[in-house]
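Student: Structure supplied as query_1.txt; contents: compact mmCIF, C-alpha atoms.
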# COMPACT_ATOMS: atom_id res chain seq x y z
CA MET J 1 -41.62 65.33 -214.68
CA ARG J 2 -40.45 65.29 -211.10
CA ASP J 3 -36.66 65.68 -211.07
CA ARG J 4 -36.39 64.46 -207.50
CA ASP J 5 -38.53 61.39 -207.89
CA TYR J 6 -36.61 58.24 -207.03
CA LEU J 7 -37.72 54.76 -207.93
CA GLY J 8 -39.10 52.49 -205.23
CA GLU J 9 -37.44 49.13 -204.66
CA PHE J 10 -39.77 47.08 -206.84
CA GLU J 11 -40.04 49.85 -209.45
CA HIS J 12 -36.26 49.81 -209.66
CA ILE J 13 -36.18 46.02 -210.13
CA ILE J 14 -38.88 46.18 -212.81
CA ILE J 15 -37.05 48.92 -214.74
CA LEU J 16 -33.82 46.93 -214.62
CA ALA J 17 -35.71 43.88 -215.93
CA LEU J 18 -37.04 45.97 -218.84
CA LEU J 19 -33.53 47.15 -219.64
CA ARG J 20 -32.28 43.55 -219.65
CA LEU J 21 -35.14 42.18 -221.75
CA GLU J 22 -35.16 45.05 -224.28
CA ASP J 23 -37.89 44.37 -226.88
CA ARG J 24 -38.90 41.00 -225.30
CA ALA J 25 -40.37 42.57 -222.17
CA TYR J 26 -43.95 41.56 -221.41
CA GLY J 27 -45.66 40.20 -218.29
CA VAL J 28 -44.32 36.64 -218.46
CA THR J 29 -40.70 37.50 -219.29
CA VAL J 30 -40.55 40.34 -216.76
CA ARG J 31 -41.93 38.11 -214.00
CA GLN J 32 -39.59 35.24 -214.87
CA GLU J 33 -36.54 37.51 -215.17
CA ILE J 34 -37.17 38.89 -211.68
CA GLU J 35 -37.75 35.43 -210.18
CA LEU J 36 -34.61 34.10 -211.86
CA ARG J 37 -32.33 36.92 -210.72
CA THR J 38 -33.74 37.74 -207.29
CA ASP J 39 -34.86 34.24 -206.26
CA ARG J 40 -38.13 35.71 -205.03
CA GLU J 41 -41.60 34.62 -206.12
CA VAL J 42 -43.39 37.47 -207.82
CA SER J 43 -47.07 37.66 -208.72
CA ILE J 44 -48.21 38.84 -212.11
CA GLY J 45 -50.47 41.32 -210.28
CA ALA J 46 -47.47 42.95 -208.60
CA VAL J 47 -45.70 43.22 -211.97
CA TYR J 48 -48.68 44.85 -213.70
CA ALA J 49 -49.53 47.16 -210.80
CA THR J 50 -45.95 48.46 -210.83
CA LEU J 51 -45.72 48.69 -214.61
CA ASP J 52 -49.01 50.62 -214.74
CA ARG J 53 -47.73 53.00 -212.05
CA LEU J 54 -44.48 53.52 -213.98
CA GLU J 55 -46.45 54.12 -217.17
CA ARG J 56 -48.54 56.76 -215.42
CA LYS J 57 -45.32 58.45 -214.28
CA GLY J 58 -44.08 58.42 -217.88
CA TYR J 59 -41.13 56.11 -217.19
CA VAL J 60 -42.49 53.19 -219.21
CA ALA J 61 -44.51 52.90 -222.43
CA SER J 62 -46.46 49.91 -223.67
CA HIS J 63 -47.96 48.56 -226.85
CA ARG J 64 -50.00 45.49 -227.71
CA GLY J 65 -48.71 42.59 -229.79
CA ASP J 66 -50.79 40.24 -231.90
CA PRO J 67 -53.13 37.72 -230.23
CA THR J 68 -51.66 34.20 -230.10
CA PRO J 69 -53.38 30.78 -229.78
CA GLU J 70 -51.26 29.63 -226.79
CA ARG J 71 -52.60 32.64 -224.89
CA GLY J 72 -56.22 31.79 -225.68
CA GLY J 73 -56.32 34.41 -228.43
CA ARG J 74 -55.15 37.16 -226.12
CA SER J 75 -52.47 39.66 -227.07
CA LYS J 76 -49.23 40.37 -225.23
CA ARG J 77 -48.60 43.80 -223.80
CA PHE J 78 -44.99 44.78 -224.44
CA PHE J 79 -43.25 47.35 -222.27
CA ARG J 80 -40.22 49.54 -222.89
CA ILE J 81 -38.45 52.14 -220.80
CA THR J 82 -38.74 55.79 -221.88
CA ALA J 83 -36.10 58.52 -221.81
CA ASP J 84 -37.62 59.81 -218.56
CA GLY J 85 -37.42 56.28 -217.18
CA VAL J 86 -33.71 56.10 -218.00
CA LYS J 87 -33.20 59.45 -216.23
CA ALA J 88 -35.12 58.17 -213.20
CA VAL J 89 -33.06 54.99 -212.92
CA ARG J 90 -29.81 56.98 -213.26
CA ARG J 91 -31.01 59.43 -210.61
CA THR J 92 -31.84 56.55 -208.27
CA HIS J 93 -28.49 54.87 -208.86
CA ARG J 94 -26.62 58.12 -208.20
CA ALA J 95 -28.54 58.59 -204.97
CA LEU J 96 -27.81 55.04 -203.84
CA GLU J 97 -24.12 55.35 -204.76
CA SER J 98 -23.92 58.64 -202.92
CA MET J 99 -25.56 57.16 -199.84
CA THR J 100 -23.39 54.04 -199.79
CA GLU J 101 -20.11 55.77 -200.67
CA GLY J 102 -17.47 55.16 -198.03
CA LEU J 103 -19.58 52.75 -195.98
CA GLY J 104 -17.74 49.66 -197.25
CA LEU J 105 -21.04 47.78 -197.38
CA VAL J 106 -20.07 45.57 -200.29
CA ARG J 107 -16.82 44.51 -198.57
CA SER J 108 -18.32 43.81 -195.17
CA TYR J 109 -21.27 41.78 -196.54
CA ALA J 110 -19.34 39.96 -199.25
CA MET H 111 -46.04 20.05 -224.80
CA THR H 112 -48.26 17.03 -224.22
CA THR H 113 -51.70 16.75 -225.72
CA GLU H 114 -53.26 16.66 -222.26
CA ALA H 115 -51.39 19.79 -221.15
CA HIS H 116 -52.25 21.55 -224.40
CA PHE H 117 -55.99 21.26 -223.81
CA VAL H 118 -56.02 21.65 -220.07
CA GLN H 119 -57.69 24.80 -218.78
CA PRO H 120 -56.72 26.85 -215.72
CA PRO H 121 -59.17 26.87 -212.77
CA ARG H 122 -62.30 28.65 -213.99
CA ILE H 123 -63.04 30.32 -210.66
CA ALA H 124 -59.50 31.70 -210.46
CA VAL H 125 -59.80 33.08 -214.01
CA TRP H 126 -63.17 34.62 -213.13
CA LEU H 127 -61.75 36.22 -209.95
CA ILE H 128 -58.91 37.88 -211.86
CA SER H 129 -61.28 39.15 -214.54
CA LEU H 130 -63.50 40.61 -211.81
CA PHE H 131 -60.72 42.68 -210.25
CA ALA H 132 -58.42 43.54 -213.17
CA LEU H 133 -58.80 46.86 -214.91
CA ALA H 134 -60.22 46.48 -218.41
CA GLU H 135 -56.92 47.46 -220.06
CA ASP H 136 -54.96 44.90 -218.00
CA ALA H 137 -57.36 41.94 -217.94
CA GLU H 138 -56.55 40.61 -221.39
CA SER H 139 -52.77 40.70 -220.99
CA ILE H 140 -52.79 39.36 -217.41
CA LEU H 141 -55.05 36.41 -218.28
CA GLY H 142 -53.01 35.74 -221.42
CA ASP H 143 -49.73 35.81 -219.47
CA LEU H 144 -51.11 33.47 -216.81
CA LEU H 145 -52.46 31.05 -219.43
CA GLU H 146 -49.12 31.02 -221.25
CA GLU H 147 -47.19 30.17 -218.09
CA PHE H 148 -49.89 27.75 -216.92
CA SER H 149 -49.69 25.75 -220.18
CA LEU H 150 -45.90 25.63 -219.99
CA LEU H 151 -45.96 24.54 -216.35
CA ALA H 152 -48.67 21.92 -217.02
CA SER H 153 -46.52 20.33 -219.74
CA LYS H 154 -43.38 20.42 -217.55
CA SER H 155 -44.65 19.62 -214.05
CA GLY H 156 -48.18 18.28 -214.52
CA VAL H 157 -51.66 19.71 -214.34
CA ALA H 158 -51.98 19.59 -210.54
CA ALA H 159 -48.79 21.63 -210.03
CA ALA H 160 -49.88 24.09 -212.71
CA ARG H 161 -53.31 24.54 -211.09
CA GLY H 162 -51.67 25.07 -207.71
CA TRP H 163 -49.38 27.70 -209.24
CA TYR H 164 -52.35 29.40 -210.93
CA TRP H 165 -54.25 29.60 -207.64
CA ARG H 166 -51.17 31.00 -205.80
CA GLN H 167 -50.81 33.64 -208.49
CA THR H 168 -54.52 34.46 -208.23
CA ILE H 169 -54.46 34.80 -204.44
CA LYS H 170 -51.47 37.15 -204.63
CA THR H 171 -52.71 39.03 -207.68
CA VAL H 172 -56.29 39.86 -206.69
CA PRO H 173 -55.38 42.10 -203.70
CA ARG H 174 -52.81 43.91 -205.88
CA LEU H 175 -55.40 44.53 -208.58
CA ALA H 176 -57.97 45.68 -206.01
CA GLY H 177 -55.46 48.06 -204.41
CA PHE H 178 -54.42 49.40 -207.78
CA GLY H 179 -58.06 49.94 -208.75
CA ILE H 180 -58.64 52.06 -205.64
CA ARG H 181 -55.40 54.06 -206.00
CA THR H 182 -56.12 54.98 -209.62
CA ALA H 183 -59.70 56.16 -208.95
CA PRO H 184 -59.98 56.91 -205.21
CA TRP H 185 -62.72 59.53 -205.50
CA LEU H 186 -64.91 57.46 -207.79
CA THR H 187 -64.62 54.47 -205.44
CA ALA H 188 -65.13 56.49 -202.27
CA GLY H 189 -68.04 58.39 -203.81
CA ALA H 190 -69.78 55.18 -204.88
CA VAL H 191 -69.30 53.65 -201.42
CA ALA H 192 -70.56 56.78 -199.64
CA GLY H 193 -73.51 57.00 -202.03
CA GLY H 194 -74.41 53.37 -201.37
CA PHE H 195 -74.20 53.94 -197.63
CA LEU H 196 -76.49 57.00 -197.82
CA LEU H 197 -78.90 55.14 -200.09
CA ARG H 198 -79.15 52.38 -197.50
CA ARG H 199 -79.85 54.98 -194.79
CA LEU H 200 -82.54 56.51 -196.97
CA VAL H 201 -84.26 53.36 -198.23
CA GLY H 202 -83.66 50.89 -195.38
CA PRO H 203 -86.19 52.23 -192.85
CA ARG H 204 -88.91 52.40 -195.50
CA VAL H 205 -88.69 48.67 -196.29
CA THR H 206 -90.28 47.60 -192.99
CA SER H 207 -92.89 50.37 -193.28
CA VAL H 208 -93.94 49.15 -196.72
CA ILE H 209 -94.35 45.54 -195.49
CA PHE H 210 -96.50 46.64 -192.54
CA ALA H 211 -98.51 48.92 -194.80
CA VAL H 212 -99.37 45.84 -196.89
CA ILE H 213 -100.38 43.94 -193.75
CA GLU H 214 -102.58 46.81 -192.56
CA ARG H 215 -104.19 47.14 -195.96
CA TYR H 216 -105.54 43.58 -195.90
CA PRO H 217 -106.34 42.91 -192.22
CA ALA H 218 -109.12 40.43 -192.98
CA PHE H 219 -106.82 38.28 -195.09
CA PHE H 220 -104.05 38.19 -192.49
CA GLU H 221 -106.51 37.43 -189.67
CA HIS H 222 -107.57 34.28 -191.49
CA HIS H 223 -104.02 33.33 -192.52
CA PHE H 224 -101.98 33.79 -189.40
CA SER H 225 -98.96 31.85 -190.70
CA VAL H 226 -98.81 34.19 -193.70
CA TYR H 227 -98.95 37.14 -191.31
CA VAL H 228 -96.04 35.70 -189.31
CA PHE H 229 -94.09 35.20 -192.52
CA PHE H 230 -94.76 38.76 -193.68
CA ALA H 231 -93.91 40.24 -190.30
CA SER H 232 -90.59 38.39 -190.03
CA THR H 233 -89.00 36.55 -192.96
CA ALA H 234 -90.56 38.73 -195.67
CA ILE H 235 -88.99 41.80 -194.05
CA ASP H 236 -85.60 40.08 -194.07
CA ILE H 237 -86.04 39.08 -197.72
CA ALA H 238 -87.12 42.61 -198.63
CA HIS H 239 -83.99 43.96 -196.93
CA LEU H 240 -81.88 41.42 -198.83
CA ILE H 241 -83.38 42.57 -202.14
CA THR H 242 -82.82 46.20 -201.12
CA PHE H 243 -79.14 45.51 -200.45
CA LEU H 244 -78.85 43.72 -203.78
CA LEU H 245 -80.34 46.75 -205.57
CA ILE H 246 -78.01 49.10 -203.67
CA GLY H 247 -75.11 46.90 -204.79
CA PHE H 248 -76.27 47.23 -208.40
CA VAL H 249 -76.38 51.02 -208.11
CA VAL H 250 -72.92 51.20 -206.52
CA ALA H 251 -71.44 48.85 -209.14
CA LEU H 252 -73.02 50.79 -212.00
CA VAL H 253 -71.53 54.04 -210.68
CA ALA H 254 -68.08 52.58 -209.90
CA ARG H 255 -67.39 51.51 -213.48
CA GLY H 256 -64.20 49.43 -213.64
CA ARG H 257 -64.02 49.30 -209.83
CA GLU H 258 -67.28 47.42 -209.24
CA MET H 259 -65.74 44.80 -206.97
CA VAL H 260 -63.63 47.03 -204.73
CA ALA H 261 -66.53 49.47 -204.25
CA THR H 262 -69.13 46.83 -203.43
CA MET H 263 -66.71 44.85 -201.25
CA ALA H 264 -65.82 47.97 -199.28
CA LEU H 265 -69.53 48.67 -198.75
CA GLY H 266 -70.17 45.02 -197.85
CA PHE H 267 -67.39 45.12 -195.26
CA ILE H 268 -68.81 48.35 -193.79
CA PHE H 269 -72.30 46.84 -193.45
CA GLY H 270 -70.93 43.55 -192.11
CA GLY H 271 -68.68 45.38 -189.66
CA MET H 272 -71.54 47.56 -188.45
CA ALA H 273 -73.70 44.46 -187.87
CA VAL H 274 -70.97 42.78 -185.83
CA PHE H 275 -70.30 45.95 -183.84
CA ALA H 276 -74.01 46.44 -183.08
CA ALA H 277 -74.46 42.78 -182.08
CA VAL H 278 -71.43 42.84 -179.78
CA TYR H 279 -72.61 46.13 -178.26
CA VAL H 280 -76.13 44.84 -177.54
CA VAL H 281 -74.86 41.57 -176.10
CA THR H 282 -72.19 43.10 -173.86
CA ARG H 283 -74.15 46.20 -172.82
CA PHE H 284 -77.62 44.71 -172.28
CA GLY H 285 -76.92 40.98 -172.08
CA ASP H 286 -79.43 40.48 -174.89
CA VAL H 287 -78.38 37.66 -177.23
CA THR H 288 -81.34 37.94 -179.63
CA PRO H 289 -79.31 39.82 -182.29
CA LEU H 290 -76.83 36.94 -182.63
CA PRO H 291 -79.04 34.60 -184.73
CA ARG H 292 -79.90 37.59 -186.93
CA LEU H 293 -76.23 38.04 -187.84
CA ALA H 294 -76.71 35.45 -190.61
CA TRP H 295 -79.26 37.77 -192.28
CA TYR H 296 -77.03 40.80 -191.81
CA PHE H 297 -74.08 38.98 -193.39
CA SER H 298 -76.37 37.87 -196.22
CA ASP H 299 -77.24 41.54 -196.79
CA ALA H 300 -73.54 42.45 -196.98
CA PHE H 301 -72.92 39.50 -199.31
CA ALA H 302 -75.82 40.62 -201.54
CA VAL H 303 -74.04 43.94 -202.13
CA VAL H 304 -70.84 42.12 -203.22
CA ALA H 305 -72.82 39.63 -205.34
CA ALA H 306 -74.44 42.56 -207.16
CA GLY H 307 -70.97 43.96 -207.88
CA ALA H 308 -69.85 40.61 -209.31
CA MET H 309 -73.00 40.38 -211.46
CA VAL H 310 -72.59 43.87 -212.92
CA ARG H 311 -68.88 43.29 -213.59
CA THR H 312 -69.50 39.92 -215.24
CA ARG H 313 -72.25 41.45 -217.38
CA ARG H 314 -69.95 44.26 -218.47
CA LEU H 315 -67.19 41.82 -219.37
CA ALA H 316 -69.63 39.75 -221.40
CA ALA H 317 -70.87 42.89 -223.15
CA LYS H 318 -67.30 43.70 -224.16
CA GLY H 319 -67.20 40.41 -226.03
CA ARG H 320 -64.21 39.02 -224.15
CA PRO H 321 -64.76 35.60 -222.60
CA SER H 322 -63.88 35.71 -218.90
CA ALA H 323 -62.81 32.07 -218.96
CA ALA H 324 -59.64 31.00 -220.72
Translate this structure into structure tokens?

Tutor:
Amino acid sequence: MRDRDYLGEFEHIIILALLRLEDRAYGVTVRQEIELRTDREVSIGAVYATLDRLERKGYVASHRGDPTPERGGRSKRFFRITADGVKAVRRTHRALESMTEGLGLVRSYA
Amino acid sequence: MTTEAHFVQPPRIAVWLISLFALAEDAESILGDLLEEFSLLASKSGVAAARGWYWRQTIKTVPRLAGFGIRTAPWLTAGAVAGGFLLRRLVGPRVTSVIFAVIERYPAFFEHHFSVYVFFASTAIDIAHLITFLLIGFVVALVARGREMVATMALGFIFGGMAVFAAVYVVTRFGDVTPLPRLAWYFSDAFAVVAAGAMVRTRRLAAKGRPSAA
């Protein structure tokens, strides 16, 4: 695992959505959580492309649920953050805090 | 949820487009997620709004899926595209030779059927090229398993771009406008490559036993 790998902006948002949703995180809930909290329209393709990338990096793991009738007999794919994912989000937060420390950004833009 | 909304289906073409571009492991969950939200939206805001939402999601999702497909298998995609390009270089010039060989083999027949000769010497060559491009598209799509659409679309854009470049060059350099009407055939050739990719992908999806429509 790359110890200096920081999360990209959308990767960061996705990981935070997974942390919020816990065991309810799948495509629909992740997309809706991001739209609700960021007020930005997100495509399901963007969510899956990012989740797949995070899974390849080892930051996220997924498993399939049971097929349901309201989904046309298709199963949900649930996602959860891994221990490496938690480390990556902490690393990113530390870097952002370090970079913003002393700039008074929150005060001046509040 | 209303009865009407419960039975309403998302746009079939949009569903088909997503199934063409999604990776096999993602297609089921993406289509399921979209159907779930579509049904909810149809019951809340009406079918028209839900269909509009589905199409917006499709238009934004397809480029993401295509880009992801290339990023996860760049060498496979590039190799298939390069192979298709070389195959065209190898086979293309022989198509016209074969047609004229047929004409030369039966001179008596073509002397008595001049209109057939004209057809063979013009349209038949174009049709033969079209079939050649379709076959090249099949080969590229068979090689680029899982990335059929991005590989054949890339090749189609290359062929289409080359045709436009050549036509513009001939017109501006020599003032000869005869290539312009032929652009329709050249674009048809490029489209044939993409159509072959869609056919192979659809066939593979059907073979997997998953319906591509919701």

Student: Considering all atoms listed in the file, tabulate each residue of chain J that lies at most 12 Å from chain H along with its nearest interatomic pair and the corresponding distance in Å to one decimal; arrange the rows by chain and ascending residue number and present them as a tab-separated table.

Tutor:
residue	atom	partner	partner_atom	distance
J:Ala25	CA	H:Asp143	CA	11.9
J:Tyr26	CA	H:Asp143	CA	8.4
J:Gly27	CA	H:Asp143	CA	6.1
J:Val28	CA	H:Asp143	CA	5.6
J:Thr29	CA	H:Asp143	CA	9.2
J:Val30	CA	H:Asp143	CA	10.6
J:Arg31	CA	H:Asp143	CA	9.8
J:Gln32	CA	H:Glu147	CA	9.7
J:Glu41	CA	H:Gln167	CA	9.6
J:Val42	CA	H:Gln167	CA	8.4
J:Ser43	CA	H:Gln167	CA	5.5
J:Ile44	CA	H:Thr171	CA	6.3
J:Gly45	CA	H:Thr171	CA	4.1
J:Ala46	CA	H:Arg174	CA	6.1
J:Val47	CA	H:Thr171	CA	9.2
J:Tyr48	CA	H:Asp136	CA	7.6
J:Ala49	CA	H:Phe178	CA	6.2
J:Thr50	CA	H:Phe178	CA	9.1
J:Leu51	CA	H:Asp136	CA	10.5
J:Asp52	CA	H:Asp136	CA	8.9
J:Arg53	CA	H:Phe178	CA	8.7
J:Arg56	CA	H:Thr182	CA	9.7
J:Ser62	CA	H:Glu135	CA	11.3
J:His63	CA	H:Ser139	CA	10.9
J:Arg64	CA	H:Ser139	CA	8.7
J:Gly65	CA	H:Ser139	CA	9.9
J:Asp66	CA	H:Ser139	CA	11.1
J:Pro67	CA	H:Gly142	CA	9.0
J:Thr68	CA	H:Gly142	CA	8.9
J:Pro69	CA	H:Glu146	CA	9.5
J:Glu70	CA	H:Glu146	CA	6.1
J:Arg71	CA	H:Gly142	CA	4.7
J:Gly72	CA	H:Ala324	CA	6.1
J:Gly73	CA	H:Gly142	CA	7.9
J:Arg74	CA	H:Gly142	CA	5.4
J:Ser75	CA	H:Ser139	CA	6.2
J:Lys76	CA	H:Ser139	CA	5.5
J:Arg77	CA	H:Ser139	CA	5.9
J:Phe78	CA	H:Ser139	CA	9.4
J:Phe79	CA	H:Ser139	CA	11.7

Student: Record the distance separating atom CA of Thr92 of chain J and atom CA of Tyr6 of chain J, expressed in Å with one decimal.

Tutor: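 Separation between atom CA of Thr92 of chain J and atom CA of Tyr6 of chain J: 5.2 Å.
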
Student: Please, what distance in Å, to one decimal, runs between atom CA of Phe224 of chain H and atom CA of Leu290 of chain H?

Tutor: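 According to the coordinates, atom CA of Phe224 of chain H and atom CA of Leu290 of chain H are separated by 26.2 Å.
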
Student: Taking (-78.9, 43.2, -207.5) in the file's coordinates as the center, which residues reach within 10 Å of it, counting only C-alpha atoms, put as a short mmCIF file (atom, residue, chain, number, x, y, z; two decimals) with C-alpha atoms, in the frame of the given file?

Tutor:
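Produced file out32.cif, reproduced below:
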data_model
loop_
_atom_site.label_atom_id
_atom_site.label_comp_id
_atom_site.auth_asym_id
_atom_site.auth_seq_id
_atom_site.Cartn_x
_atom_site.Cartn_y
_atom_site.Cartn_z
CA LEU H 240 -81.88 41.42 -198.83
CA ILE H 241 -83.38 42.57 -202.14
CA THR H 242 -82.82 46.20 -201.12
CA PHE H 243 -79.14 45.51 -200.45
CA LEU H 244 -78.85 43.72 -203.78
CA LEU H 245 -80.34 46.75 -205.57
CA ILE H 246 -78.01 49.10 -203.67
CA GLY H 247 -75.11 46.90 -204.79
CA PHE H 248 -76.27 47.23 -208.40
CA VAL H 249 -76.38 51.02 -208.11
CA ALA H 251 -71.44 48.85 -209.14
CA ALA H 302 -75.82 40.62 -201.54
CA VAL H 303 -74.04 43.94 -202.13
CA VAL H 304 -70.84 42.12 -203.22
CA ALA H 305 -72.82 39.63 -205.34
CA ALA H 306 -74.44 42.56 -207.16
CA GLY H 307 -70.97 43.96 -207.88
CA ALA H 308 -69.85 40.61 -209.31
CA MET H 309 -73.00 40.38 -211.46
CA VAL H 310 -72.59 43.87 -212.92
#

Student: Could you please determine the separation between atom CA of Ile14 of chain J and atom CA of Val89 of chain J in Å, to one decimal place?

Tutor: 10.6 Å

Student: Nearest to Thr288 of chain H among H:Ala134, H:Leu151, H:Ala276, H:Ala190, with distances taken over only C-alpha atoms: which residue is it?

Tutor: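 Smallest distance to Thr288 of chain H is found for H:Ala276.
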
Student: Report as a PDB file with C-alpha atoms, keeping the file's coordinate frame all protein, DNA and RNA residues lying within 8 Å of Ala300 of chain H, evaluated on only C-alpha atoms, omitting residues in the same chain fewer than 3 positions from it.

Tutor:
ATOM      1  CA  PHE H 243     -79.140  45.510-200.450  1.00  0.00           C
ATOM      2  CA  LEU H 265     -69.530  48.670-198.750  1.00  0.00           C
ATOM      3  CA  GLY H 266     -70.170  45.020-197.850  1.00  0.00           C
ATOM      4  CA  PHE H 267     -67.390  45.120-195.260  1.00  0.00           C
ATOM      5  CA  PHE H 269     -72.300  46.840-193.450  1.00  0.00           C
ATOM      6  CA  GLY H 270     -70.930  43.550-192.110  1.00  0.00           C
ATOM      7  CA  TYR H 296     -77.030  40.800-191.810  1.00  0.00           C
ATOM      8  CA  PHE H 297     -74.080  38.980-193.390  1.00  0.00           C
ATOM      9  CA  VAL H 303     -74.040  43.940-202.130  1.00  0.00           C
ATOM     10  CA  VAL H 304     -70.840  42.120-203.220  1.00  0.00           C
TER      11      VAL H 304
END

Student: Smallest atom-to-atom distance to Gly271 of chain H: which of H:Ala211, H:Val287, H:Leu293, H:Leu252, using all atoms listed in the file?

Tutor: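 Looking only at the distances to Gly271 of chain H, the closest residue turns out to be H:Leu293.
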